[in-house]
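Next comes upload_36.pdb, a file with PDB, C-alpha atoms and all ligand atoms.
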ATOM      1  CA  MET A   1     183.386 -80.038  46.252
ATOM      2  CA  ALA A   2     183.423 -79.720  42.508
ATOM      3  CA  ILE A   3     184.473 -81.641  39.431
ATOM      4  CA  TYR A   4     186.720 -79.760  37.032
ATOM      5  CA  ASN A   5     186.493 -81.325  33.601
ATOM      6  CA  LEU A   6     188.981 -80.384  30.888
ATOM      7  CA  GLY A   7     186.987 -81.835  28.044
ATOM      8  CA  SER A   8     185.955 -81.785  24.432
ATOM      9  CA  ILE A   9     182.707 -80.282  23.209
ATOM     10  CA  ASN A  10     181.456 -81.537  19.844
ATOM     11  CA  ALA A  11     178.529 -81.056  17.564
ATOM     12  CA  ASP A  12     177.552 -84.633  16.746
ATOM     13  CA  MET A  13     175.990 -84.687  13.290
ATOM     14  CA  THR A  14     174.432 -88.038  12.673
ATOM     15  CA  TYR A  15     173.334 -88.959   9.169
ATOM     16  CA  ARG A  16     171.281 -92.110   8.608
ATOM     17  CA  VAL A  17     172.380 -93.774   5.377
ATOM     18  CA  PRO A  18     171.327 -96.965   3.552
ATOM     19  CA  HIS A  19     174.981 -98.085   3.523
ATOM     20  CA  LEU A  20     178.323 -96.621   4.594
ATOM     21  CA  LEU A  21     180.061 -94.551   1.910
ATOM     22  CA  ALA A  22     182.525 -96.248  -0.414
ATOM     23  CA  PRO A  23     185.573 -94.415  -1.864
ATOM     24  CA  GLY A  24     184.507 -91.974  -4.557
ATOM     25  CA  GLU A  25     180.828 -92.351  -3.757
ATOM     26  CA  THR A  26     178.367 -89.481  -3.282
ATOM     27  CA  LEU A  27     175.263 -90.175  -1.270
ATOM     28  CA  ALA A  28     172.343 -87.918  -0.336
ATOM     29  CA  THR A  29     170.639 -88.338   3.005
ATOM     30  CA  SER A  30     167.535 -86.650   4.269
ATOM     31  CA  SER A  31     168.158 -87.581   7.864
ATOM     32  CA  LEU A  32     170.319 -85.323  10.004
ATOM     33  CA  THR A  33     170.256 -85.054  13.768
ATOM     34  CA  ARG A  34     172.525 -82.568  15.475
ATOM     35  CA  GLY A  35     173.251 -83.282  19.104
ATOM     36  CA  LEU A  36     175.689 -82.293  21.792
ATOM     37  CA  GLY A  37     178.596 -84.708  22.061
ATOM     38  CA  GLY A  38     182.297 -85.054  22.714
ATOM     39  CA  LYS A  39     183.557 -87.205  25.572
ATOM     40  CA  GLY A  40     184.161 -84.133  27.692
ATOM     41  CA  ALA A  41     180.683 -82.673  27.290
ATOM     42  CA  ASN A  42     179.102 -86.093  27.842
ATOM     43  CA  MET A  43     180.972 -86.562  31.127
ATOM     44  CA  SER A  44     180.109 -83.062  32.323
ATOM     45  CA  VAL A  45     176.425 -83.628  31.616
ATOM     46  CA  ALA A  46     176.500 -87.055  33.287
ATOM     47  CA  ALA A  47     178.188 -85.727  36.423
ATOM     48  CA  ALA A  48     175.807 -82.742  36.574
ATOM     49  CA  ARG A  49     172.772 -85.028  36.113
ATOM     50  CA  ALA A  50     174.179 -87.111  38.950
ATOM     51  CA  GLY A  51     174.001 -84.029  41.137
ATOM     52  CA  ALA A  52     177.611 -82.865  41.089
ATOM     53  CA  GLN A  53     178.821 -79.325  40.715
ATOM     54  CA  VAL A  54     180.708 -79.453  37.413
ATOM     55  CA  ARG A  55     183.003 -76.823  36.019
ATOM     56  CA  HIS A  56     183.788 -77.438  32.377
ATOM     57  CA  LEU A  57     187.132 -76.203  31.042
ATOM     58  CA  GLY A  58     187.083 -76.240  27.268
ATOM     59  CA  ALA A  59     186.601 -74.317  24.063
ATOM     60  CA  VAL A  60     184.242 -73.932  21.150
ATOM     61  CA  GLY A  61     184.262 -71.699  18.071
ATOM     62  CA  ASP A  62     181.887 -68.866  17.335
ATOM     63  CA  ASP A  63     179.563 -71.487  15.814
ATOM     64  CA  GLY A  64     179.403 -73.336  19.130
ATOM     65  CA  ARG A  65     177.568 -70.950  21.423
ATOM     66  CA  TRP A  66     174.504 -73.226  21.280
ATOM     67  CA  ALA A  67     176.630 -75.973  22.885
ATOM     68  CA  ILE A  68     177.571 -73.681  25.782
ATOM     69  CA  GLU A  69     173.901 -72.810  26.230
ATOM     70  CA  ARG A  70     172.880 -76.427  26.230
ATOM     71  CA  LEU A  71     175.556 -77.373  28.777
ATOM     72  CA  THR A  72     174.319 -74.514  30.959
ATOM     73  CA  GLU A  73     170.744 -75.788  30.669
ATOM     74  CA  TYR A  74     172.001 -79.185  31.783
ATOM     75  CA  GLY A  75     173.442 -77.639  34.942
ATOM     76  CA  VAL A  76     177.110 -77.399  33.992
ATOM     77  CA  ASP A  77     179.117 -74.331  34.999
ATOM     78  CA  THR A  78     180.262 -73.063  31.588
ATOM     79  CA  ARG A  79     181.950 -69.840  32.631
ATOM     80  CA  GLN A  80     185.376 -71.274  31.824
ATOM     81  CA  ILE A  81     184.512 -72.347  28.287
ATOM     82  CA  ALA A  82     186.365 -70.149  25.820
ATOM     83  CA  VAL A  83     185.017 -69.044  22.451
ATOM     84  CA  LEU A  84     187.966 -69.176  20.049
ATOM     85  CA  SER A  85     188.510 -68.404  16.371
ATOM     86  CA  GLU A  86     188.805 -72.122  15.489
ATOM     87  CA  ALA A  87     185.717 -74.052  14.434
ATOM     88  CA  THR A  88     183.770 -75.938  17.102
ATOM     89  CA  GLY A  89     184.813 -79.570  17.285
ATOM     90  CA  HIS A  90     182.465 -81.852  15.453
ATOM     91  CA  ALA A  91     181.816 -85.437  14.582
ATOM     92  CA  ILE A  92     180.249 -86.531  11.326
ATOM     93  CA  ILE A  93     178.602 -89.846  12.031
ATOM     94  CA  MET A  94     177.203 -92.110   9.335
ATOM     95  CA  LEU A  95     174.817 -94.692  10.689
ATOM     96  CA  ASP A  96     173.504 -97.486   8.462
ATOM     97  CA  SER A  97     170.472 -99.693   8.897
ATOM     98  CA  ASP A  98     172.551-102.426  10.609
ATOM     99  CA  ALA A  99     173.655 -99.818  13.216
ATOM    100  CA  GLU A 100     177.197 -99.930  11.796
ATOM    101  CA  ASN A 101     178.840 -96.535  11.828
ATOM    102  CA  CYS A 102     181.708 -94.484  10.433
ATOM    103  CA  ILE A 103     182.850 -91.445  12.388
ATOM    104  CA  LEU A 104     184.954 -88.501  11.276
ATOM    105  CA  ILE A 105     186.119 -86.178  14.049
ATOM    106  CA  TYR A 106     187.409 -82.650  13.628
ATOM    107  CA  PRO A 107     188.827 -81.469  16.994
ATOM    108  CA  GLY A 108     188.944 -77.745  16.093
ATOM    109  CA  ALA A 109     188.674 -75.565  19.198
ATOM    110  CA  ASN A 110     188.990 -78.613  21.476
ATOM    111  CA  ARG A 111     192.715 -78.719  20.748
ATOM    112  CA  ALA A 112     193.304 -74.966  20.913
ATOM    113  CA  LEU A 113     192.802 -74.030  24.571
ATOM    114  CA  SER A 114     195.786 -72.213  26.094
ATOM    115  CA  VAL A 115     197.492 -73.421  29.286
ATOM    116  CA  GLU A 116     196.896 -69.920  30.717
ATOM    117  CA  ARG A 117     193.143 -70.360  30.358
ATOM    118  CA  ILE A 118     193.286 -73.782  31.980
ATOM    119  CA  GLU A 119     195.266 -72.327  34.850
ATOM    120  CA  ALA A 120     192.742 -69.501  35.230
ATOM    121  CA  GLY A 121     189.947 -72.062  35.148
ATOM    122  CA  LEU A 122     191.531 -73.929  38.046
ATOM    123  CA  ALA A 123     192.159 -70.781  40.111
ATOM    124  CA  GLU A 124     189.441 -71.607  42.672
ATOM    125  CA  ALA A 125     190.080 -75.353  42.766
ATOM    126  CA  SER A 126     190.908 -76.949  46.109
ATOM    127  CA  PRO A 127     192.082 -80.376  47.321
ATOM    128  CA  GLU A 128     188.470 -81.535  47.900
ATOM    129  CA  ASP A 129     187.859 -81.231  44.160
ATOM    130  CA  ILE A 130     188.339 -83.726  41.358
ATOM    131  CA  PHE A 131     190.022 -83.022  38.041
ATOM    132  CA  VAL A 132     189.123 -85.167  35.043
ATOM    133  CA  PHE A 133     190.218 -85.137  31.424
ATOM    134  CA  GLN A 134     190.161 -87.355  28.350
ATOM    135  CA  ASN A 135     192.255 -87.600  25.232
ATOM    136  CA  GLU A 136     190.315 -85.131  23.093
ATOM    137  CA  THR A 137     191.923 -81.862  24.182
ATOM    138  CA  ASN A 138     195.403 -80.350  24.078
ATOM    139  CA  ALA A 139     197.610 -79.483  27.089
ATOM    140  CA  GLN A 140     196.703 -82.651  28.992
ATOM    141  CA  ARG A 141     200.018 -83.031  30.802
ATOM    142  CA  GLU A 142     200.208 -79.341  31.729
ATOM    143  CA  ALA A 143     196.630 -79.379  33.002
ATOM    144  CA  ALA A 144     197.137 -82.564  35.038
ATOM    145  CA  GLU A 145     200.287 -81.038  36.574
ATOM    146  CA  LEU A 146     198.412 -77.874  37.532
ATOM    147  CA  ALA A 147     195.563 -79.867  39.077
ATOM    148  CA  SER A 148     197.922 -82.209  40.877
ATOM    149  CA  ALA A 149     199.940 -79.273  42.254
ATOM    150  CA  ARG A 150     196.710 -77.818  43.695
ATOM    151  CA  GLY A 151     196.047 -81.133  45.421
ATOM    152  CA  LEU A 152     193.050 -82.256  43.348
ATOM    153  CA  ARG A 153     192.319 -85.935  42.801
ATOM    154  CA  VAL A 154     193.270 -86.523  39.145
ATOM    155  CA  ALA A 155     191.166 -88.847  36.990
ATOM    156  CA  TYR A 156     191.717 -89.765  33.352
ATOM    157  CA  ALA A 157     189.500 -91.504  30.847
ATOM    158  CA  ALA A 158     192.054 -92.882  28.386
ATOM    159  CA  ALA A 159     189.930 -92.456  25.277
ATOM    160  CA  PRO A 160     190.358 -92.285  22.385
ATOM    161  CA  PHE A 161     193.373 -94.412  23.292
ATOM    162  CA  ASP A 162     196.842 -93.143  22.507
ATOM    163  CA  ALA A 163     199.829 -94.817  24.159
ATOM    164  CA  ASP A 164     201.980 -91.667  24.177
ATOM    165  CA  ALA A 165     199.192 -89.501  25.621
ATOM    166  CA  VAL A 166     198.467 -91.880  28.497
ATOM    167  CA  THR A 167     202.138 -92.583  29.289
ATOM    168  CA  LEU A 168     202.737 -88.857  29.571
ATOM    169  CA  VAL A 169     200.135 -88.386  32.311
ATOM    170  CA  LEU A 170     200.208 -91.782  34.070
ATOM    171  CA  PRO A 171     202.482 -90.680  36.964
ATOM    172  CA  LEU A 172     200.021 -87.881  37.823
ATOM    173  CA  LEU A 173     196.872 -90.010  38.025
ATOM    174  CA  ASP A 174     194.863 -91.145  41.050
ATOM    175  CA  LEU A 175     192.164 -92.829  38.980
ATOM    176  CA  LEU A 176     192.233 -94.294  35.491
ATOM    177  CA  VAL A 177     189.056 -95.386  33.688
ATOM    178  CA  LEU A 178     189.328 -97.314  30.464
ATOM    179  CA  ASN A 179     187.476 -99.949  28.501
ATOM    180  CA  GLU A 180     188.683-103.451  27.856
ATOM    181  CA  ILE A 181     190.247-102.669  24.479
ATOM    182  CA  GLU A 182     192.040 -99.621  25.856
ATOM    183  CA  ALA A 183     193.288-101.696  28.809
ATOM    184  CA  ALA A 184     194.770-104.251  26.408
ATOM    185  CA  GLN A 185     196.364-101.440  24.395
ATOM    186  CA  LEU A 186     197.867 -99.972  27.569
ATOM    187  CA  GLU A 187     199.247-103.362  28.613
ATOM    188  CA  ALA A 188     200.808-103.777  25.159
ATOM    189  CA  ALA A 189     202.280-100.259  25.237
ATOM    190  CA  THR A 190     203.758-100.478  28.753
ATOM    191  CA  GLY A 191     204.570-104.195  28.838
ATOM    192  CA  GLN A 192     202.848-104.255  32.270
ATOM    193  CA  GLY A 193     199.723-106.022  33.419
ATOM    194  CA  ILE A 194     196.850-103.649  34.125
ATOM    195  CA  ASP A 195     197.002-104.578  37.834
ATOM    196  CA  SER A 196     200.567-103.280  38.099
ATOM    197  CA  ILE A 197     199.912 -99.915  36.436
ATOM    198  CA  PRO A 198     201.162 -97.278  38.924
ATOM    199  CA  VAL A 199     197.768 -95.623  39.483
ATOM    200  CA  ARG A 200     195.965 -96.164  42.797
ATOM    201  CA  ASP A 201     192.559 -96.961  41.360
ATOM    202  CA  VAL A 202     191.962 -98.421  37.917
ATOM    203  CA  VAL A 203     188.480 -99.193  36.584
ATOM    204  CA  VAL A 204     188.215-101.311  33.447
ATOM    205  CA  THR A 205     184.757-101.273  31.850
ATOM    206  CA  LEU A 206     183.718-104.482  30.130
ATOM    207  CA  GLY A 207     180.575-103.501  28.207
ATOM    208  CA  ALA A 208     177.756-105.990  28.814
ATOM    209  CA  ARG A 209     180.002-107.832  31.284
ATOM    210  CA  GLY A 210     180.160-104.901  33.701
ATOM    211  CA  CYS A 211     183.468-103.687  35.038
ATOM    212  CA  ARG A 212     186.474-104.471  37.217
ATOM    213  CA  TRP A 213     187.942-102.185  39.862
ATOM    214  CA  ILE A 214     191.591-102.670  40.733
ATOM    215  CA  ASN A 215     193.049-100.990  43.801
ATOM    216  CA  THR A 216     196.794-101.195  43.367
ATOM    217  CA  ASP A 217     197.491-100.104  46.986
ATOM    218  CA  SER A 218     195.872-103.218  48.414
ATOM    219  CA  GLY A 219     196.362-105.339  45.317
ATOM    220  CA  ASP A 220     192.644-106.192  45.465
ATOM    221  CA  SER A 221     190.367-106.308  42.496
ATOM    222  CA  ARG A 222     186.608-106.577  42.428
ATOM    223  CA  ASP A 223     184.231-107.455  39.612
ATOM    224  CA  PHE A 224     180.825-105.836  39.144
ATOM    225  CA  ALA A 225     178.212-107.477  36.931
ATOM    226  CA  ALA A 226     176.368-105.252  34.449
ATOM    227  CA  LEU A 227     172.649-104.581  34.813
ATOM    228  CA  PRO A 228     170.459-106.553  32.392
ATOM    229  CA  VAL A 229     169.157-104.370  29.554
ATOM    230  CA  THR A 230     168.347-104.771  25.867
ATOM    231  CA  PRO A 231     170.884-102.618  24.007
ATOM    232  CA  VAL A 232     169.569 -99.966  21.622
ATOM    233  CA  ASP A 233     172.568 -97.638  21.321
ATOM    234  CA  THR A 234     175.749 -98.032  23.357
ATOM    235  CA  THR A 235     177.057 -94.567  22.385
ATOM    236  CA  GLY A 236     177.898 -92.544  25.457
ATOM    237  CA  ALA A 237     177.665 -95.456  27.908
ATOM    238  CA  GLY A 238     181.320 -95.179  28.866
ATOM    239  CA  ASP A 239     181.157 -91.397  29.312
ATOM    240  CA  THR A 240     177.983 -91.685  31.396
ATOM    241  CA  PHE A 241     179.681 -94.335  33.525
ATOM    242  CA  THR A 242     182.683 -92.074  34.195
ATOM    243  CA  GLY A 243     180.579 -88.967  34.903
ATOM    244  CA  TYR A 244     178.441 -90.840  37.436
ATOM    245  CA  LEU A 245     181.454 -92.530  39.001
ATOM    246  CA  LEU A 246     183.145 -89.177  39.602
ATOM    247  CA  ALA A 247     179.945 -87.608  40.923
ATOM    248  CA  GLY A 248     179.670 -90.422  43.468
ATOM    249  CA  LEU A 249     183.279 -90.026  44.577
ATOM    250  CA  ASP A 250     182.815 -86.261  44.734
ATOM    251  CA  ARG A 251     179.881 -86.773  47.109
ATOM    252  CA  GLY A 252     182.175 -88.812  49.305
ATOM    253  CA  LEU A 253     180.612 -92.183  48.458
ATOM    254  CA  PRO A 254     182.892 -95.225  48.533
ATOM    255  CA  MET A 255     184.295 -96.482  45.227
ATOM    256  CA  ALA A 256     182.062 -99.580  45.162
ATOM    257  CA  THR A 257     178.864 -97.578  45.719
ATOM    258  CA  SER A 258     179.933 -95.060  43.087
ATOM    259  CA  ILE A 259     180.621 -97.864  40.608
ATOM    260  CA  GLU A 260     177.185 -99.389  41.250
ATOM    261  CA  MET A 261     175.476 -96.057  40.499
ATOM    262  CA  ALA A 262     177.662 -95.579  37.415
ATOM    263  CA  GLN A 263     176.708 -98.996  36.097
ATOM    264  CA  ARG A 264     172.989 -98.294  36.570
ATOM    265  CA  ALA A 265     173.306 -94.980  34.730
ATOM    266  CA  ALA A 266     175.368 -96.515  31.908
ATOM    267  CA  ALA A 267     172.928 -99.417  31.500
ATOM    268  CA  ILE A 268     169.999 -96.989  31.128
ATOM    269  CA  MET A 269     172.065 -95.076  28.577
ATOM    270  CA  VAL A 270     172.430 -98.248  26.509
ATOM    271  CA  THR A 271     168.623 -98.376  26.198
ATOM    272  CA  ARG A 272     168.469 -94.851  24.756
ATOM    273  CA  GLN A 273     169.344 -93.498  21.325
ATOM    274  CA  GLY A 274     171.661 -90.485  21.500
ATOM    275  CA  THR A 275     174.420 -89.031  23.674
ATOM    276  CA  ALA A 276     174.590 -86.022  26.012
ATOM    277  CA  ASP A 277     170.968 -85.042  25.488
ATOM    278  CA  VAL A 278     169.601 -88.354  26.826
ATOM    279  CA  ILE A 279     171.842 -89.045  29.829
ATOM    280  CA  PRO A 280     169.598 -90.103  32.729
ATOM    281  CA  ASP A 281     169.336 -88.035  35.901
ATOM    282  CA  LEU A 282     169.798 -89.292  39.440
ATOM    283  CA  LYS A 283     166.053 -89.836  39.898
ATOM    284  CA  ASP A 284     165.881 -92.024  36.748
ATOM    285  CA  VAL A 285     168.920 -93.933  37.942
ATOM    286  CA  THR A 286     167.672 -94.657  41.452
ATOM    287  CA  GLU A 287     164.102 -95.488  40.376
ATOM    288  CA  TYR A 288     164.759 -97.562  37.230
ATOM    289  CA  ARG A 289     163.727-101.213  37.596
ATOM    290  CA  PHE A 290     166.095-103.566  35.808
TER     291      PHE A 290
HETATM  292  P1  LIG A 301     182.884 -97.713  26.278
HETATM  293  O1  LIG A 301     181.551 -97.164  25.843
HETATM  294  O2  LIG A 301     183.793 -96.658  26.820
HETATM  295  O3  LIG A 301     183.533 -98.626  25.300
HETATM  296  P2  LIG A 301     181.848-100.006  27.771
HETATM  297  O4  LIG A 301     181.275-100.526  26.492
HETATM  298  O5  LIG A 301     182.776-100.884  28.504
HETATM  299  O6  LIG A 301     182.560 -98.596  27.588
HETATM  300  O7  LIG A 301     180.617 -99.623  28.703
HETATM  301  C1  LIG A 301     180.755 -98.837  29.873
HETATM  302  C2  LIG A 301     179.804 -99.331  30.938
HETATM  303  O8  LIG A 301     178.472 -99.256  30.425
HETATM  304  C3  LIG A 301     179.985-100.789  31.328
HETATM  305  O9  LIG A 301     180.939-100.920  32.365
HETATM  306  C4  LIG A 301     178.581-101.156  31.787
HETATM  307  O10 LIG A 301     178.368-100.724  33.111
HETATM  308  C5  LIG A 301     177.698-100.335  30.871
HETATM  309  N1  LIG A 301     177.282-101.129  29.693
HETATM  310  C6  LIG A 301     177.798-101.099  28.449
HETATM  311  N2  LIG A 301     177.165-101.971  27.632
HETATM  312  C7  LIG A 301     176.212-102.563  28.383
HETATM  313  C8  LIG A 301     175.194-103.547  28.138
HETATM  314  N3  LIG A 301     175.048-104.110  26.930
HETATM  315  N4  LIG A 301     174.387-103.891  29.164
HETATM  316  C9  LIG A 301     174.506-103.325  30.391
HETATM  317  N5  LIG A 301     175.436-102.405  30.678
HETATM  318  C10 LIG A 301     176.284-102.013  29.705
HETATM  319 NA    NA A 302     172.795 -94.572  24.156
END
Would you mind giving the structure from this file in structure tokens?
Ligand code: ADP
Ligand code: NA
Amino acid sequence: MAIYNLGSINADMTYRVPHLLAPGETLATSSLTRGLGGKGANMSVAAARAGAQVRHLGAVGDDGRWAIERLTEYGVDTRQIAVLSEATGHAIIMLDSDAENCILIYPGANRALSVERIEAGLAEASPEDIFVFQNETNAQREAAELASARGLRVAYAAAPFDADAVTLVLPLLDLLVLNEIEAAQLEAATGQGIDSIPVRDVVVTLGARGCRWINTDSGDSRDFAALPVTPVDTTGAGDTFTGYLLAGLDRGLPMATSIEMAQRAAAIMVTRQGTADVIPDLKDVTEYRF
């Protein structure tokens, strides 16, 4: 059993600034931290830390070999990550003293992977495997079709939200994970309530209020309360949640048990500054006392 993740890989460059830049302004900062980020990379690391076998399908530029190395160190199978002529995707994050931020994303290589490479990356995939993707890469529909045709369970994290992107893949999905804002955007775009979206399992994350799981086969929904923590940095909580959720399902755990683990992992993530580099491992998650 493996998780195939078609996902973005970014260099997250975080600059601490006294205030966010205004138009025309030039500001010097002496504080730069470069970390591994991108929703795709975050989810791969989370699922690997949760004990899953993760095969990352993605791309970086020549300047992104460090990111491949780091993913490998974190236990992700990186053999299907291409090195392309485009620049590695990156995010330039300005963070002020009130923890407000401004983020500029350059997708670069993340949007340049060929369908042929995705197909080659899925060559060994079988129906016991899970395929996951987010909205930070190209060829989403083609990839979901290939995975679906091979019998994989297809999961989508609809972020960053784009109505056209999600509508295009909706008929192919077995599991949809989205936050509350994205759920409202999807309802507005489709004119349908989230509980009548034609996807068997839908999980809506609600930040500090936990999450809701909707099983459209049975029409049942179930609410899960969040774990009590003092938030330090909520970046990466959603990606950690999804990575852990998929790792649980991949191990054959029931949805509710997988959600409970995912919520523990995401809550710990909220107490930590940073993204992929600080995602908790399974031992942290089982032993943490809330
Ligand atoms: P996203 O980061 O994608 O916007 P959410 O903010 O909904 O996603 O958070 C994802 C999950 O992380 C939640 O379902 C919850 O389990 C956990 N989480 C987020 N914020 C908190 C918080 N303040 N306290 C405890 N858990 C949280
Ligand atoms: Na965090």
Which residues match the PyMOL selection byres (((chain A and resi 117-134) around 9) and not hetatm) in the file above, as a PyMOL selection string? chain A and resi 1-8+39-40+55-58+79-82+113-116+135-137+139-140+142-144+146-148+150-160+246+249-250
Return as JSON the box centre and box size in Å, one decimal, for an axis-aligned box around all listed atoms of segment 184-197 of chain A padded by 5 Å per side.
{"center_x": 199.7, "center_y": -103.0, "center_z": 31.2, "size_x": 19.8, "size_y": 16.1, "size_z": 23.7}
I'd like the residues picked by the PyMOL selection byres (((not hetatm)) within 9 of (chain A and resi 301)) written out as a PyMOL selection string, using the chain letters and numbers from the file. chain A and resi 157+159+177-182+203-212+224-242+259-260+262-271
Taking the file as shown, what set of residues would the PyMOL selection byres (((chain A and resi 21) around 12) and not hetatm) give back, as a list of chain:residue names? A:Tyr15, A:Arg16, A:Val17, A:Pro18, A:His19, A:Leu20, A:Ala22, A:Pro23, A:Gly24, A:Glu25, A:Thr26, A:Leu27, A:Ala28, A:Thr29, A:Ile93, A:Met94, A:Leu95, A:Asp96, A:Glu100, A:Asn101, A:Cys102, A:Ile103
Around the point (175.2, -80.2, 24.5), in the coordinates given by the file, pick out the residues reaching within 12 Å, counting all atoms listed in the file, and return them as an MDAnalysis selection string. chainID A and resid 8:12 34:46 56 60 64:76 78 90 274:279
Which residues come within 9 Å of Ala256 of chain A, counting only C-alpha atoms, excluding same-chain residues fewer than 5 positions away, as a count of residues only? 4
Computed interatomic separation between atom CA of Leu282 of chain A and atom CA of Ala47 of chain A (Å):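 Calculated distance between atom CA of Leu282 of chain A and atom CA of Ala47 of chain A is 9.6 Å.
Checking A:Glu145, A:Ala163, A:Pro171, A:Phe290 one by one against Glu187 of chain A, counting all atoms listed in the file, you find the shortest gap at A:Ala163.
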Pick the closest to ligand NA 302 (chain A) from A:Arg289, A:Pro254, A:Pro198, A:Arg272: which is it, counting all atoms listed in the file?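 When distances to ligand NA 302 (chain A) are compared using all atoms listed in the file, the smallest one comes from A:Arg272.
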Atomic distance atom CA of Ser221 of chain A - atom CA of Val202 of chain A, expressed in Å with one decimal: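 Computing it gives 9.3 Å between the two atoms.
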Just checking: using only C-alpha atoms, which residue out of A:Ala149, A:Ile214, A:Met13, A:Ala183 ends up closest to Met255 of chain A?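 Using only C-alpha atoms, Met255 of chain A sits closest to A:Ile214.
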Which one is closest to Leu84 of chain A: A:Ser97, A:Ile105, A:Ala59, A:Arg49? Count all atoms listed in the file.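 Ranked by minimum distance to Leu84 of chain A, first place goes to A:Ala59.
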